[in-house]
>>> print(open('start24.txt').read())   # compact mmCIF, C-alpha atoms
# COMPACT_ATOMS: atom_id res chain seq x y z
CA LYS A 130 105.45 86.48 95.69
CA VAL A 131 107.27 88.70 93.29
CA GLY A 132 108.35 87.12 90.04
CA PRO A 133 112.10 86.68 90.09
CA SER A 134 113.00 88.47 86.89
CA LEU A 135 112.72 92.20 87.10
CA VAL A 136 113.57 93.97 83.85
CA SER A 137 113.47 97.59 82.83
CA ASN A 138 114.29 97.52 79.14
CA THR A 139 111.70 95.26 77.55
CA GLY A 140 112.27 96.36 73.95
CA ASN A 141 112.55 93.53 71.42
CA GLY A 142 116.23 92.73 71.14
CA GLY A 143 117.08 94.76 74.22
CA ALA A 144 118.90 93.44 77.26
CA GLY A 145 115.68 93.00 79.27
CA TRP A 146 113.98 91.07 76.47
CA ASN A 147 116.97 88.75 76.14
CA TRP A 148 117.31 88.39 79.93
CA GLU A 149 113.64 87.42 80.33
CA SER A 150 113.84 84.97 77.45
CA SER A 151 116.89 83.31 79.01
CA LEU A 152 115.19 83.04 82.40
CA PHE A 153 112.09 81.38 80.98
CA THR A 154 114.27 79.04 78.93
CA ALA A 155 116.05 78.13 82.16
CA GLY A 156 112.75 77.28 83.89
CA LEU A 157 111.41 80.53 85.36
CA GLY A 158 107.83 79.48 84.57
CA SER A 159 108.08 76.56 87.00
CA ILE A 160 108.99 78.75 90.00
CA PRO A 161 105.90 79.78 92.01
CA TYR A 162 105.19 83.51 91.95
CA ASP A 163 102.08 85.69 91.95
CA PHE A 164 103.02 88.36 89.42
CA LEU A 165 105.76 89.16 86.92
CA PRO A 166 107.16 92.67 87.48
CA PHE A 167 108.63 94.93 84.86
CA HIS A 168 109.92 98.51 84.91
CA HIS A 169 110.18 101.26 82.34
CA TYR A 170 112.39 104.29 82.16
CA GLN A 171 113.06 106.17 78.97
CA TRP A 172 116.67 106.68 78.00
CA PRO A 173 117.83 109.32 77.55
CA GLY A 174 115.75 110.46 80.51
CA ASN A 175 114.15 113.40 78.75
CA LEU A 176 112.38 111.35 76.07
CA PRO A 177 108.59 111.54 76.20
CA PRO A 178 106.40 108.41 76.36
CA THR A 179 105.56 108.97 72.69
CA VAL A 180 109.11 108.06 71.59
CA GLY A 181 110.33 104.46 71.22
CA PHE A 182 113.16 102.94 73.18
CA ALA A 183 116.45 104.58 72.27
CA GLU A 184 118.47 101.37 72.57
CA VAL A 185 116.51 99.32 70.03
CA SER A 186 114.04 99.91 67.26
CA SER A 187 110.62 99.38 68.78
CA PRO A 188 107.19 100.98 69.13
CA VAL A 189 106.57 103.66 71.72
CA PHE A 190 106.44 102.19 75.19
CA PRO A 191 102.70 102.45 75.90
CA ALA A 192 102.00 100.57 72.66
CA TYR A 193 104.67 98.06 73.54
CA ILE A 194 103.10 96.81 76.77
CA PRO A 195 100.68 94.35 75.09
CA ILE A 196 103.54 93.04 72.93
CA TRP A 197 105.66 92.46 76.05
CA ILE A 198 102.81 90.73 77.92
CA ALA A 199 102.06 88.46 74.94
CA GLN A 200 105.72 87.56 74.59
CA VAL A 201 106.25 86.60 78.23
CA ALA A 202 103.05 84.51 77.98
CA ALA A 203 104.53 82.75 74.94
CA TRP A 204 107.65 82.06 77.00
CA GLY A 205 105.52 80.50 79.77
CA ASN A 206 104.33 83.28 82.06
CA THR A 207 100.86 82.49 83.42
CA LYS A 208 100.69 85.29 86.00
CA PRO A 209 99.65 88.92 85.63
CA SER A 210 102.31 91.46 84.69
CA TRP A 211 102.71 94.44 87.00
CA LEU A 212 104.44 97.66 86.01
CA THR A 213 106.28 98.10 89.30
CA GLU A 214 108.29 101.20 88.38
CA PHE A 215 108.07 103.95 85.81
CA GLY A 216 108.62 107.66 85.84
CA TRP A 217 110.45 110.73 84.71
CA GLN A 218 112.73 113.07 86.58
CA SER A 219 111.71 116.66 87.26
CA LEU A 220 115.20 117.92 86.46
CA THR A 221 117.94 116.70 84.16
CA THR A 222 121.23 118.13 83.15
CA SER A 223 123.17 116.78 80.20
CA SER A 224 120.59 114.08 79.55
CA GLY A 225 122.56 112.52 76.72
CA ASP A 226 119.85 113.22 74.14
CA SER A 227 122.03 114.01 71.18
CA PRO A 228 121.36 115.84 69.04
CA THR A 229 119.27 117.78 71.53
CA THR A 230 115.82 117.06 70.14
CA TYR A 231 113.87 117.13 73.37
CA PRO A 232 114.03 119.72 76.13
CA GLU A 233 115.65 119.05 79.46
CA MET A 234 113.21 117.94 82.13
CA THR A 235 111.24 120.34 84.31
CA GLN A 236 108.48 119.78 86.85
CA ALA A 237 105.93 120.73 84.18
CA LEU A 238 107.39 118.29 81.67
CA GLN A 239 107.54 115.53 84.30
CA SER A 240 103.83 116.09 84.95
CA THR A 241 103.00 116.06 81.24
CA TYR A 242 104.96 112.87 80.49
CA ILE A 243 103.49 110.98 83.47
CA THR A 244 99.96 112.06 82.51
CA GLU A 245 100.43 111.09 78.85
CA PHE A 246 101.81 107.72 79.86
CA LEU A 247 99.05 106.90 82.36
CA LEU A 248 96.35 107.89 79.88
CA ALA A 249 97.96 105.78 77.16
CA ILE A 250 98.04 102.60 79.26
CA GLY A 251 94.59 103.00 80.81
CA GLY A 252 92.96 100.26 78.73
CA TYR A 253 95.64 97.61 79.10
CA GLY A 254 94.25 95.98 82.24
CA LEU A 255 97.46 96.16 84.23
CA PRO A 256 96.41 95.31 87.79
CA VAL A 257 99.24 97.38 89.32
CA VAL A 258 101.15 100.42 88.06
CA CYS A 259 103.68 102.03 90.41
CA LEU A 260 105.35 105.39 89.98
CA GLU A 261 108.95 105.97 90.98
CA GLU A 262 108.80 107.68 93.46
CA LEU A 263 106.55 109.47 95.96
CA SER A 264 109.16 111.94 97.15
CA ASP A 265 112.65 113.05 96.28
CA HIS A 266 115.04 111.50 98.74
CA SER A 267 118.04 113.69 98.11
CA VAL A 268 119.06 117.28 97.62
CA GLU A 269 121.05 116.09 94.59
CA PRO A 270 119.49 115.35 91.18
CA PRO A 271 117.88 113.36 89.73
CA TYR A 272 114.53 114.21 91.26
CA TRP A 273 112.05 111.43 90.51
CA GLY A 274 109.49 112.16 93.20
CA LEU A 275 106.06 113.70 93.11
CA MET A 276 106.91 115.56 96.31
CA ALA A 277 110.10 117.44 97.11
CA ASN A 278 110.57 116.29 100.70
CA TRP A 279 114.13 117.57 100.88
CA ASP A 280 112.67 121.09 100.76
CA PRO A 281 109.75 121.29 103.22
CA TRP A 282 108.60 124.61 101.75
CA SER A 283 108.19 123.35 98.20
CA GLY A 284 105.41 120.81 98.83
CA PRO A 285 103.89 118.75 96.03
CA LYS A 286 105.20 119.07 92.52
CA LEU A 287 102.93 119.56 89.50
CA ALA A 288 103.04 115.82 88.84
CA PHE A 289 101.46 115.12 92.23
CA ALA A 290 98.31 117.02 91.29
CA ALA A 291 98.25 115.41 87.85
CA VAL A 292 98.44 111.88 89.25
CA GLN A 293 95.91 112.73 91.95
CA ALA A 294 93.47 113.99 89.30
CA LEU A 295 93.89 110.81 87.23
CA THR A 296 93.46 108.46 90.18
CA SER A 297 90.64 110.16 92.07
CA PRO A 298 87.19 108.55 91.80
>>> encode(input="start24.txt", output="structure tokens")
Amino acid sequence: KVGPSLVSNTGNGGAGWNWESSLFTAGLGSIPYDFLPFHHYQWPGNLPPTVGFAEVSSPVFPAYIPIWIAQVAAWGNTKPSWLTEFGWQSLTTSSGDSPTTYPEMTQALQSTYITEFLLAIGGYGLPVVCLEELSDHSVEPPYWGLMANWDPWSGPKLAFAAVQALTSP
């Protein structure tokens, strides 16, 4: 059973942090579930995994995972935490990163960011980590997938090979 409190902005003082705290205060810990899911997406969407949350002052996200897990345990979570969504787009336009410090997303940058992130969290013991998403589902941006299924001639993106290399035995 999925934990009932999915959050995507777990930064201390952020909306997800406050939401989760409120749910545990209201008795979330007494509801039976098998894992507590959380998501992560950088905002603006072209920020690398080496940059902290834009909405609040906090460490970079990979370093923040153990802080998040310890905090939800302090609030009463006794189940494993699963990262059930994370990812970067392979194309952005007008990302909102102002001033423009980071480049707009490309397939190469998507691959780099996903690789950096997965390598950074490798020792955290997360039982499940899920990318968003396997394939693009639209001809319109944003393109989150590792495959561009809307264009049958394009095949796998660079990120597909990168993830495959990291997850192969």
>>> closest_atom_pairs(input="start24.txt", of="segment 178-257 of chain A", to="segment 291-294 of chain A", cutoff="12 Å", atoms="only C-alpha atoms", output="JSON lines")
{"residue": "A:Gly216", "atom": "CA", "partner": "A:Val292", "partner_atom": "CA", "distance": 11.5}
{"residue": "A:Gln236", "atom": "CA", "partner": "A:Ala291", "partner_atom": "CA", "distance": 11.2}
{"residue": "A:Ala237", "atom": "CA", "partner": "A:Ala291", "partner_atom": "CA", "distance": 10.0}
{"residue": "A:Leu238", "atom": "CA", "partner": "A:Ala291", "partner_atom": "CA", "distance": 11.4}
{"residue": "A:Gln239", "atom": "CA", "partner": "A:Ala291", "partner_atom": "CA", "distance": 9.9}
{"residue": "A:Ser240", "atom": "CA", "partner": "A:Ala291", "partner_atom": "CA", "distance": 6.3}
{"residue": "A:Thr241", "atom": "CA", "partner": "A:Ala291", "partner_atom": "CA", "distance": 8.2}
{"residue": "A:Tyr242", "atom": "CA", "partner": "A:Ala291", "partner_atom": "CA", "distance": 10.3}
{"residue": "A:Ile243", "atom": "CA", "partner": "A:Val292", "partner_atom": "CA", "distance": 7.7}
{"residue": "A:Thr244", "atom": "CA", "partner": "A:Ala291", "partner_atom": "CA", "distance": 6.5}
{"residue": "A:Glu245", "atom": "CA", "partner": "A:Ala291", "partner_atom": "CA", "distance": 10.2}
{"residue": "A:Phe246", "atom": "CA", "partner": "A:Val292", "partner_atom": "CA", "distance": 10.8}
{"residue": "A:Leu247", "atom": "CA", "partner": "A:Val292", "partner_atom": "CA", "distance": 8.5}
{"residue": "A:Leu248", "atom": "CA", "partner": "A:Val292", "partner_atom": "CA", "distance": 10.4}
>>> residues_near_point(input="start24.txt", point="(113.4, 118.8, 84.8)", cutoff="9 Å", atoms="all atoms listed in the file", output="PyMOL selection string")
chain A and resi 175+217-222+232-239+271-272
>>> write_last_selection(input="start24.txt", atoms="C-alpha atoms", output="PDB file, in the coordinates of the input")
ATOM      1  CA  ASN A 175     114.150 113.400  78.750  1.00  0.00           C
ATOM      2  CA  TRP A 217     110.450 110.730  84.710  1.00  0.00           C
ATOM      3  CA  GLN A 218     112.730 113.070  86.580  1.00  0.00           C
ATOM      4  CA  SER A 219     111.710 116.660  87.260  1.00  0.00           C
ATOM      5  CA  LEU A 220     115.200 117.920  86.460  1.00  0.00           C
ATOM      6  CA  THR A 221     117.940 116.700  84.160  1.00  0.00           C
ATOM      7  CA  THR A 222     121.230 118.130  83.150  1.00  0.00           C
ATOM      8  CA  PRO A 232     114.030 119.720  76.130  1.00  0.00           C
ATOM      9  CA  GLU A 233     115.650 119.050  79.460  1.00  0.00           C
ATOM     10  CA  MET A 234     113.210 117.940  82.130  1.00  0.00           C
ATOM     11  CA  THR A 235     111.240 120.340  84.310  1.00  0.00           C
ATOM     12  CA  GLN A 236     108.480 119.780  86.850  1.00  0.00           C
ATOM     13  CA  ALA A 237     105.930 120.730  84.180  1.00  0.00           C
ATOM     14  CA  LEU A 238     107.390 118.290  81.670  1.00  0.00           C
ATOM     15  CA  GLN A 239     107.540 115.530  84.300  1.00  0.00           C
ATOM     16  CA  PRO A 271     117.880 113.360  89.730  1.00  0.00           C
ATOM     17  CA  TYR A 272     114.530 114.210  91.260  1.00  0.00           C
TER      18      TYR A 272
END
>>> residues_around(input="start24.txt", residues="Val201 of chain A", least_positions_apart="6", cutoff="10 Å", atoms="all atoms listed in the file", output="NGL selection string")
:A and (146 or 149-150 or 153 or 158 or 165 or 207-208 or 210)
>>> atom_distance(input="start24.txt", atom1="atom CA of Trp273 of chain A", atom2="atom CA of Phe289 of chain A")
11.3 Å
>>> atom_distance(input="start24.txt", atom1="atom CA of Pro191 of chain A", atom2="atom CA of Leu295 of chain A")
16.6 Å
>>> atom_distance(input="start24.txt", atom1="atom CA of Leu176 of chain A", atom2="atom CA of Pro195 of chain A")
20.7 Å
>>> residues_around(input="start24.txt", residues="Asp163 of chain A", least_positions_apart="6", cutoff="7 Å", atoms="all atoms listed in the file", output="list in words")
Lys130, Val131, Gly132 and Lys208 of chain A
>>> closest_residue(input="start24.txt", among="A:Ala290, A:Gly252, A:Ala192, A:Tyr231", to="Gly174 of chain A", atoms="all atoms listed in the file")
A:Tyr231
>>> closest_residue(input="start24.txt", among="A:Gly205, A:Leu275, A:Ala249, A:Glu269", to="Ser151 of chain A", atoms="all atoms listed in the file")
A:Gly205
>>> closest_residue(input="start24.txt", among="A:Leu255, A:Ala277, A:Ile198, A:Val136", to="Tyr170 of chain A", atoms="only C-alpha atoms")
A:Val136
>>> closest_residue(input="start24.txt", among="A:Phe167, A:Pro285, A:Trp172, A:Trp204", to="Ala155 of chain A", atoms="only C-alpha atoms")
A:Trp204
>>> closest_residue(input="start24.txt", among="A:Pro166, A:Gln200, A:Tyr193, A:Ser297", to="Val257 of chain A", atoms="all atoms listed in the file")
A:Pro166
>>> residues_near_point(input="start24.txt", point="(105.8, 106.3, 88.8)", cutoff="6 Å", atoms="only C-alpha atoms", output="PyMOL selection string")
chain A and resi 214-216+259-262
>>> build_atoms(input="start24.txt", residues="segment 234-245 of chain A", atoms="all heavy atoms", output="mmCIF file, keeping the file's coordinate frame")
data_model
loop_
_atom_site.group_PDB
_atom_site.id
_atom_site.type_symbol
_atom_site.label_atom_id
_atom_site.label_comp_id
_atom_site.auth_asym_id
_atom_site.auth_seq_id
_atom_site.Cartn_x
_atom_site.Cartn_y
_atom_site.Cartn_z
ATOM 1 N N MET A 234 114.383 118.138 81.298
ATOM 2 C CA MET A 234 113.210 117.940 82.130
ATOM 3 C C MET A 234 112.972 119.114 83.079
ATOM 4 O O MET A 234 113.912 119.736 83.567
ATOM 5 C CB MET A 234 113.335 116.659 82.936
ATOM 6 C CG MET A 234 113.349 115.395 82.082
ATOM 7 S SD MET A 234 111.867 115.180 81.072
ATOM 8 C CE MET A 234 110.623 114.987 82.327
ATOM 9 N N THR A 235 111.703 119.359 83.328
ATOM 10 C CA THR A 235 111.240 120.340 84.310
ATOM 11 C C THR A 235 110.103 119.687 85.074
ATOM 12 O O THR A 235 109.615 118.621 84.687
ATOM 13 C CB THR A 235 110.706 121.606 83.620
ATOM 14 O OG1 THR A 235 109.558 121.242 82.828
ATOM 15 C CG2 THR A 235 111.766 122.273 82.748
ATOM 16 N N GLN A 236 109.636 120.319 86.127
ATOM 17 C CA GLN A 236 108.480 119.780 86.850
ATOM 18 C C GLN A 236 107.257 119.733 85.935
ATOM 19 O O GLN A 236 106.492 118.768 85.981
ATOM 20 C CB GLN A 236 108.179 120.617 88.085
ATOM 21 C CG GLN A 236 109.165 120.389 89.204
ATOM 22 C CD GLN A 236 108.720 121.028 90.503
ATOM 23 O OE1 GLN A 236 107.534 121.202 90.753
ATOM 24 N NE2 GLN A 236 109.678 121.368 91.338
ATOM 25 N N ALA A 237 107.072 120.724 85.094
ATOM 26 C CA ALA A 237 105.930 120.730 84.180
ATOM 27 C C ALA A 237 106.024 119.596 83.169
ATOM 28 O O ALA A 237 105.031 118.923 82.875
ATOM 29 C CB ALA A 237 105.825 122.083 83.468
ATOM 30 N N LEU A 238 107.220 119.368 82.636
ATOM 31 C CA LEU A 238 107.390 118.290 81.670
ATOM 32 C C LEU A 238 107.241 116.929 82.328
ATOM 33 O O LEU A 238 106.654 116.013 81.744
ATOM 34 C CB LEU A 238 108.763 118.435 80.998
ATOM 35 C CG LEU A 238 108.927 117.795 79.632
ATOM 36 C CD1 LEU A 238 107.823 118.188 78.672
ATOM 37 C CD2 LEU A 238 110.281 118.167 79.055
ATOM 38 N N GLN A 239 107.738 116.771 83.553
ATOM 39 C CA GLN A 239 107.540 115.530 84.300
ATOM 40 C C GLN A 239 106.041 115.246 84.425
ATOM 41 O O GLN A 239 105.581 114.124 84.174
ATOM 42 C CB GLN A 239 108.179 115.632 85.684
ATOM 43 C CG GLN A 239 107.943 114.414 86.556
ATOM 44 C CD GLN A 239 108.290 114.650 88.020
ATOM 45 O OE1 GLN A 239 108.057 115.736 88.558
ATOM 46 N NE2 GLN A 239 108.855 113.637 88.655
ATOM 47 N N SER A 240 105.275 116.247 84.798
ATOM 48 C CA SER A 240 103.830 116.090 84.950
ATOM 49 C C SER A 240 103.173 115.697 83.630
ATOM 50 O O SER A 240 102.333 114.788 83.583
ATOM 51 C CB SER A 240 103.241 117.407 85.470
ATOM 52 O OG SER A 240 101.854 117.315 85.593
ATOM 53 N N THR A 241 103.561 116.356 82.561
ATOM 54 C CA THR A 241 103.000 116.060 81.240
ATOM 55 C C THR A 241 103.314 114.637 80.807
ATOM 56 O O THR A 241 102.425 113.907 80.355
ATOM 57 C CB THR A 241 103.548 117.061 80.199
ATOM 58 O OG1 THR A 241 103.121 118.373 80.570
ATOM 59 C CG2 THR A 241 103.070 116.732 78.805
ATOM 60 N N TYR A 242 104.559 114.212 80.927
ATOM 61 C CA TYR A 242 104.960 112.870 80.490
ATOM 62 C C TYR A 242 104.253 111.787 81.303
ATOM 63 O O TYR A 242 103.791 110.789 80.757
ATOM 64 C CB TYR A 242 106.469 112.692 80.599
ATOM 65 C CG TYR A 242 107.292 113.418 79.561
ATOM 66 C CD1 TYR A 242 106.711 114.196 78.565
ATOM 67 C CD2 TYR A 242 108.673 113.329 79.581
ATOM 68 C CE1 TYR A 242 107.487 114.857 77.623
ATOM 69 C CE2 TYR A 242 109.457 113.973 78.633
ATOM 70 C CZ TYR A 242 108.858 114.733 77.658
ATOM 71 O OH TYR A 242 109.634 115.367 76.731
ATOM 72 N N ILE A 243 104.167 111.970 82.628
ATOM 73 C CA ILE A 243 103.490 110.980 83.470
ATOM 74 C C ILE A 243 102.012 110.899 83.100
ATOM 75 O O ILE A 243 101.450 109.808 82.974
ATOM 76 C CB ILE A 243 103.694 111.301 84.962
ATOM 77 C CG1 ILE A 243 105.147 111.021 85.367
ATOM 78 C CG2 ILE A 243 102.729 110.494 85.835
ATOM 79 C CD1 ILE A 243 105.513 111.504 86.766
ATOM 80 N N THR A 244 101.381 112.040 82.895
ATOM 81 C CA THR A 244 99.960 112.060 82.510
ATOM 82 C C THR A 244 99.751 111.375 81.172
ATOM 83 O O THR A 244 98.858 110.532 81.029
ATOM 84 C CB THR A 244 99.449 113.517 82.460
ATOM 85 O OG1 THR A 244 99.580 114.100 83.747
ATOM 86 C CG2 THR A 244 98.005 113.570 82.017
ATOM 87 N N GLU A 245 100.558 111.721 80.172
ATOM 88 C CA GLU A 245 100.430 111.090 78.850
ATOM 89 C C GLU A 245 100.591 109.582 78.945
ATOM 90 O O GLU A 245 99.849 108.823 78.313
ATOM 91 C CB GLU A 245 101.482 111.659 77.887
ATOM 92 C CG GLU A 245 101.210 113.071 77.452
ATOM 93 C CD GLU A 245 102.339 113.647 76.583
ATOM 94 O OE1 GLU A 245 103.369 112.954 76.357
ATOM 95 O OE2 GLU A 245 102.192 114.794 76.147
#
